[in-house]
Amino acid sequence: MKICSIVAEYNPFHNGHLSQIEYVKTVLKPDYIIIVMSGNFTQRGEISALDKFTRAKHAVLAGADAVIELPTVFASASAEFFASGAVKLINSLPGDKTICFGAECGDKETILKIAKSTLVESDEFKKVLKQELSKGVALIKARETALIKTGGEFIDILSKPNNVLGVEYAKAILKNNYPIDIEVIKRDGAEYNDKELSFKNPSALSIRTAIENKDLKSVKNFVPPFVYSDLTESLPSLDKEILYSVLSSTKLELKNILDCSEGLENRLKALAKESVTLPELIEKLKTKRYTTARLKRVLISNLLKIDKTLVRTALKNKLYLKVLALNGKRAELLSVLSKASFPLLTRKSDLSKLGKTAYSVFEKDAFANDVYSLSIGEKLNENNMIIVK
């Protein structure tokens with residue numbers, strides 16, 4: 001039995017995502033396509049445009065057989081933890097496993113070569129990296145410079161976000177010796193950070209930007225009809241709640257958030273008192289080292305009270321497979337997933353199968369779901385599972 005997994009956010013699902021699923025179905029031809037998808041908060045440190053159940057439904061309507069939630073502790077973390085968490089779930093699946101992802105590079109051997117070269121960091125690499133970070137350079141840029149100065153290859157590739165994420169998937173597989181093959185699709189269309197709807201396959205960011213600019217109609221040709229009908233005229237927001245969470249948190253609580261280091265907790269507390277909006281706070285906090293995405297991840301993690309100890313402990317322990325949506329015509333897949341090495345969650349009573357760490361991780365998913373419900377003014381049932389017929 002062959003299972004192909006795609007790690008995604010689908011924020012929102014668009015025609016580029018549809019093409020990827022069609023490629024997997026027609027070229028790779030696995031027995032099942034399983035999506036590992038972020039919940040209601042994303043790797044950019046943002047609130048998803050649509051709730052996780054609606055986005056999971058879209059994936060199944062597009063051809064996926066099931067959607068499994070990537071726990072919030074990973075979904076709202078940096079690329080390394082995001083990728084490691086996703087690969088950990090995929091490894092728990094039964095059968096022969098493949099992960100398929102899009103990257104600007106589009107070459108499997110190149111991705112693997114970079115992953116192998118960065119898996120073990122030499123003393124010289126660490127020295128250069130430390131020097132760059134001391135200058136206030138962002139971590140990704142500092143790693144790039146360290147690779148250049150220590151003789152690394154394919155350095156320009158690491159300047160592209162999807163390449164970076166692809167390398168992290170490969171590193172997680174190699175580091176843990178997981179029996180997972182990789183399939184790389186060359187990313188076609190807009191760049192990940194492109195805000196313009198000017199490409200055949202625009203980025204999800206450009207679609208969200210259009211919605212934010214009250215121009216929902218402009219995205220109609222770039223998303224499937226079943227997605228467009230679910231899109232709203234505005235994006236959910238928790239800006240005030242996020243700012244309040246900083247004001248009400250202690251410096252120690254902030255310091256215990258993943259990526260809140262080098263005294264950032266002090267700047268957060270001081271500048272939060274001088275800011276009346278979240279964009280204002282982020283603008284004051286931004287430096288070469290503290291990018292907007294990193295700051296947003298710290299702020300979301302603080303809002304959801306996800307500390308670094310839980311994230312790291314989660315990577316070392318048995319977790320769970322929480323099904324958000326399922327193709328009703330492939331209902332036998334639940335029986336297949338029940339043979340996974342992680343417990344399968346399809347109903348509330350399944351929580352009794354979880355160990356201490358897994359239950360703590362699930363509680364963060366449930367809390368994140370409650371917080372997201374506040375942003376849309378609608379109560380979402382954490383124990384829901386969408387059956388698409």
# chains A, B, ... in the order shown; residues from 1 in each chain; ligands from 1

$ select_by_dssp --residues "segment 172-268 of chain A" --states "alpha helix (DSSP H)" --output "PyMOL selection string"
chain A and resi 172-176+204-212+225-228+239-248+251-255+264-268

$ residues_around --residues "Leu112 of chain A" --least-positions-apart "2" --cutoff "10 Å" --atoms "only C-alpha atoms" --output "PyMOL selection string"
chain A and resi 107-110+114-118+166-171+173-174+182

$ write_last_selection --atoms "N, CA and C atoms" --output "PDB file, in the first residue's frame"
ATOM      1  N   ASP A 107      14.178  20.128  -7.661  1.00  0.00           N
ATOM      2  CA  ASP A 107      15.061  18.988  -7.913  1.00  0.00           C
ATOM      3  C   ASP A 107      15.310  18.211  -6.622  1.00  0.00           C
ATOM      4  N   LYS A 108      14.898  16.963  -6.609  1.00  0.00           N
ATOM      5  CA  LYS A 108      15.007  16.115  -5.424  1.00  0.00           C
ATOM      6  C   LYS A 108      16.448  15.956  -4.958  1.00  0.00           C
ATOM      7  N   GLU A 109      17.363  15.656  -5.882  1.00  0.00           N
ATOM      8  CA  GLU A 109      18.753  15.404  -5.503  1.00  0.00           C
ATOM      9  C   GLU A 109      19.412  16.631  -4.903  1.00  0.00           C
ATOM     10  N   THR A 110      19.064  17.808  -5.430  1.00  0.00           N
ATOM     11  CA  THR A 110      19.622  19.047  -4.885  1.00  0.00           C
ATOM     12  C   THR A 110      19.127  19.281  -3.458  1.00  0.00           C
ATOM     13  N   ILE A 114      21.620  19.387  -0.129  1.00  0.00           N
ATOM     14  CA  ILE A 114      21.697  20.501   0.814  1.00  0.00           C
ATOM     15  C   ILE A 114      21.342  20.020   2.215  1.00  0.00           C
ATOM     16  N   ALA A 115      20.330  19.170   2.310  1.00  0.00           N
ATOM     17  CA  ALA A 115      19.921  18.648   3.619  1.00  0.00           C
ATOM     18  C   ALA A 115      21.065  17.890   4.284  1.00  0.00           C
ATOM     19  N   LYS A 116      21.747  17.071   3.515  1.00  0.00           N
ATOM     20  CA  LYS A 116      22.867  16.302   4.068  1.00  0.00           C
ATOM     21  C   LYS A 116      24.004  17.218   4.506  1.00  0.00           C
ATOM     22  N   SER A 117      24.251  18.271   3.724  1.00  0.00           N
ATOM     23  CA  SER A 117      25.366  19.164   4.037  1.00  0.00           C
ATOM     24  C   SER A 117      25.096  20.034   5.259  1.00  0.00           C
ATOM     25  N   THR A 118      23.827  20.272   5.557  1.00  0.00           N
ATOM     26  CA  THR A 118      23.489  21.129   6.703  1.00  0.00           C
ATOM     27  C   THR A 118      23.069  20.327   7.934  1.00  0.00           C
ATOM     28  N   GLY A 166      11.511  22.686   2.123  1.00  0.00           N
ATOM     29  CA  GLY A 166      11.809  21.381   1.532  1.00  0.00           C
ATOM     30  C   GLY A 166      13.054  20.756   2.127  1.00  0.00           C
ATOM     31  N   VAL A 167      14.081  21.568   2.329  1.00  0.00           N
ATOM     32  CA  VAL A 167      15.315  21.082   2.945  1.00  0.00           C
ATOM     33  C   VAL A 167      15.035  20.615   4.377  1.00  0.00           C
ATOM     34  N   GLU A 168      14.173  21.337   5.084  1.00  0.00           N
ATOM     35  CA  GLU A 168      13.839  20.936   6.457  1.00  0.00           C
ATOM     36  C   GLU A 168      13.089  19.604   6.481  1.00  0.00           C
ATOM     37  N   TYR A 169      12.212  19.366   5.499  1.00  0.00           N
ATOM     38  CA  TYR A 169      11.541  18.061   5.422  1.00  0.00           C
ATOM     39  C   TYR A 169      12.595  16.964   5.243  1.00  0.00           C
ATOM     40  N   ALA A 170      13.506  17.200   4.304  1.00  0.00           N
ATOM     41  CA  ALA A 170      14.545  16.206   4.007  1.00  0.00           C
ATOM     42  C   ALA A 170      15.454  15.988   5.216  1.00  0.00           C
ATOM     43  N   LYS A 171      15.817  17.067   5.908  1.00  0.00           N
ATOM     44  CA  LYS A 171      16.668  16.945   7.091  1.00  0.00           C
ATOM     45  C   LYS A 171      15.995  16.112   8.174  1.00  0.00           C
ATOM     46  N   ILE A 173      13.770  13.813   7.805  1.00  0.00           N
ATOM     47  CA  ILE A 173      13.735  12.416   7.355  1.00  0.00           C
ATOM     48  C   ILE A 173      15.099  11.765   7.556  1.00  0.00           C
ATOM     49  N   LEU A 174      16.160  12.462   7.135  1.00  0.00           N
ATOM     50  CA  LEU A 174      17.514  11.915   7.252  1.00  0.00           C
ATOM     51  C   LEU A 174      17.955  11.788   8.705  1.00  0.00           C
ATOM     52  N   ILE A 182      10.832  11.211  -0.945  1.00  0.00           N
ATOM     53  CA  ILE A 182      10.365  12.567  -1.239  1.00  0.00           C
ATOM     54  C   ILE A 182      10.147  12.742  -2.738  1.00  0.00           C
TER      55      ILE A 182
END

$ closest_residue --among "A:Ile35, A:Ala8, A:Leu310, A:Ile68" --to "Ala204 of chain A" --atoms "only C-alpha atoms"
A:Ala8

$ atom_distance --atom1 "atom CA of Gln20 of chain A" --atom2 "atom CA of Asp51 of chain A"
21.6 Å

$ residues_around --residues "Gly45 of chain A" --least-positions-apart "5" --cutoff "12 Å" --atoms "only C-alpha atoms" --output "VMD selection string"
chain A and resid 9 38 to 40 72 to 79 82 238 to 239 242 282 291 to 304

$ closest_residue --among "A:Leu321, A:Glu22, A:Tyr32, A:Val120" --to "Ala340 of chain A" --atoms "only C-alpha atoms"
A:Leu321

$ residues_around --residues "Cys105 of chain A" --least-positions-apart "4" --cutoff "8 Å" --atoms "only C-alpha atoms" --output "ChimeraX atom specification"
/A:110-111,157,163,186-187

$ residues_around --residues "Asp370 of chain A" --least-positions-apart "5" --cutoff "12 Å" --atoms "only C-alpha atoms" --output "VMD selection string"
chain A and resid 39 to 41 51 304 363 to 365 375 to 383

$ write_last_selection --atoms "N, CA and C atoms" --output "short mmCIF file (atom, residue, chain, number, x, y, z; two decimals), in the first residue's frame"
data_model
loop_
_atom_site.label_atom_id
_atom_site.label_comp_id
_atom_site.auth_asym_id
_atom_site.auth_seq_id
_atom_site.Cartn_x
_atom_site.Cartn_y
_atom_site.Cartn_z
N GLY A 39 -3.79 23.83 11.50
CA GLY A 39 -5.12 24.11 12.00
C GLY A 39 -5.52 25.55 11.75
N ASN A 40 -5.92 26.26 12.80
CA ASN A 40 -6.44 27.61 12.65
C ASN A 40 -5.39 28.71 12.73
N PHE A 41 -4.13 28.32 12.96
CA PHE A 41 -3.04 29.29 13.01
C PHE A 41 -1.90 28.75 12.15
N ASP A 51 -11.64 28.58 8.74
CA ASP A 51 -11.37 27.61 9.79
C ASP A 51 -10.84 26.30 9.24
N LEU A 304 -1.48 31.75 22.59
CA LEU A 304 -1.98 30.39 22.82
C LEU A 304 -1.25 29.69 23.97
N GLU A 363 -4.67 19.49 23.86
CA GLU A 363 -5.32 20.58 24.59
C GLU A 363 -5.01 21.93 23.95
N LYS A 364 -3.79 22.08 23.41
CA LYS A 364 -3.44 23.33 22.73
C LYS A 364 -4.24 23.47 21.43
N ASP A 365 -4.47 22.35 20.75
CA ASP A 365 -5.31 22.40 19.54
C ASP A 365 -6.72 22.85 19.91
N SER A 375 -12.60 34.88 16.98
CA SER A 375 -12.29 35.78 15.87
C SER A 375 -13.37 35.77 14.79
N ILE A 376 -14.12 34.67 14.68
CA ILE A 376 -15.15 34.57 13.63
C ILE A 376 -16.56 34.67 14.20
N GLY A 377 -16.68 34.73 15.53
CA GLY A 377 -17.99 34.85 16.14
C GLY A 377 -18.86 33.63 15.97
N GLU A 378 -18.22 32.47 15.87
CA GLU A 378 -18.95 31.22 15.68
C GLU A 378 -18.23 30.10 16.42
N LYS A 379 -18.96 29.33 17.21
CA LYS A 379 -18.34 28.27 17.99
C LYS A 379 -18.07 27.05 17.11
N LEU A 380 -16.80 26.63 17.07
CA LEU A 380 -16.39 25.46 16.31
C LEU A 380 -16.19 24.28 17.25
N ASN A 381 -16.69 23.13 16.86
CA ASN A 381 -16.56 21.93 17.68
C ASN A 381 -15.24 21.23 17.38
N GLU A 382 -14.33 21.21 18.36
CA GLU A 382 -13.01 20.62 18.16
C GLU A 382 -13.08 19.15 17.78
N ASN A 383 -14.12 18.46 18.20
CA ASN A 383 -14.23 17.03 17.94
C ASN A 383 -14.97 16.70 16.65
#

$ closest_residue --among "A:Ile207, A:Glu280, A:Gly106, A:Lys308" --to "Val227 of chain A" --atoms "only C-alpha atoms"
A:Ile207

$ residues_around --residues "Thr277 of chain A" --least-positions-apart "3" --cutoff "12 Å" --atoms "only C-alpha atoms" --output "list in words"
Ser237, Leu238, Asp239, Lys240, Glu241, Ile242, Leu243, Tyr244, Val246, Leu271, Ala272, Lys273, Glu274, Glu280, Leu281, Ile282, Glu283 and Lys284 of chain A

$ closest_residue --among "A:Asn177, A:Ile386, A:Ala62, A:Ala56" --to "Lys25 of chain A" --atoms "only C-alpha atoms"
A:Ala62

$ atom_distance --atom1 "atom CA of Val137 of chain A" --atom2 "atom CA of Leu205 of chain A"
24.8 Å

$ atom_distance --atom1 "atom CA of Gly63 of chain A" --atom2 "atom CA of Ile211 of chain A"
25.5 Å

$ closest_residue --among "A:Thr346, A:Ser360, A:Ser218, A:Thr42" --to "Lys322 of chain A" --atoms "only C-alpha atoms"
A:Thr346

$ closest_residue --among "A:Leu119, A:Leu165, A:Leu61, A:Val184" --to "Val24 of chain A" --atoms "only C-alpha atoms"
A:Val184

$ select_by_dssp --residues "segment 321-367 of chain A" --states "strand (DSSP E or B)" --output "ChimeraX atom specification"
/A:321-327,344-345

$ write_last_selection --atoms "N, CA and C atoms" --output "mmCIF file, in the first residue's frame"
data_model
loop_
_atom_site.group_PDB
_atom_site.id
_atom_site.type_symbol
_atom_site.label_atom_id
_atom_site.label_comp_id
_atom_site.auth_asym_id
_atom_site.auth_seq_id
_atom_site.Cartn_x
_atom_site.Cartn_y
_atom_site.Cartn_z
ATOM 1 N N LEU A 321 -3.144 11.138 15.401
ATOM 2 C CA LEU A 321 -3.602 11.525 14.073
ATOM 3 C C LEU A 321 -5.042 12.010 14.205
ATOM 4 N N LYS A 322 -5.232 13.326 14.146
ATOM 5 C CA LYS A 322 -6.564 13.920 14.284
ATOM 6 C C LYS A 322 -7.130 14.174 12.885
ATOM 7 N N VAL A 323 -8.195 13.435 12.518
ATOM 8 C CA VAL A 323 -8.790 13.554 11.191
ATOM 9 C C VAL A 323 -9.763 14.727 11.170
ATOM 10 N N LEU A 324 -9.498 15.695 10.284
ATOM 11 C CA LEU A 324 -10.374 16.858 10.136
ATOM 12 C C LEU A 324 -11.447 16.618 9.088
ATOM 13 N N ALA A 325 -11.082 15.911 8.022
ATOM 14 C CA ALA A 325 -12.031 15.644 6.936
ATOM 15 C C ALA A 325 -11.668 14.344 6.247
ATOM 16 N N LEU A 326 -12.698 13.691 5.696
ATOM 17 C CA LEU A 326 -12.507 12.383 5.070
ATOM 18 C C LEU A 326 -13.391 12.272 3.839
ATOM 19 N N ASN A 327 -12.853 11.659 2.800
ATOM 20 C CA ASN A 327 -13.642 11.346 1.617
ATOM 21 C C ASN A 327 -14.569 10.182 1.968
ATOM 22 N N LEU A 344 -5.500 7.080 16.477
ATOM 23 C CA LEU A 344 -6.354 7.791 15.543
ATOM 24 C C LEU A 344 -7.477 8.473 16.315
ATOM 25 N N LEU A 345 -7.668 9.777 16.088
ATOM 26 C CA LEU A 345 -8.720 10.531 16.763
ATOM 27 C C LEU A 345 -9.814 10.886 15.760
#
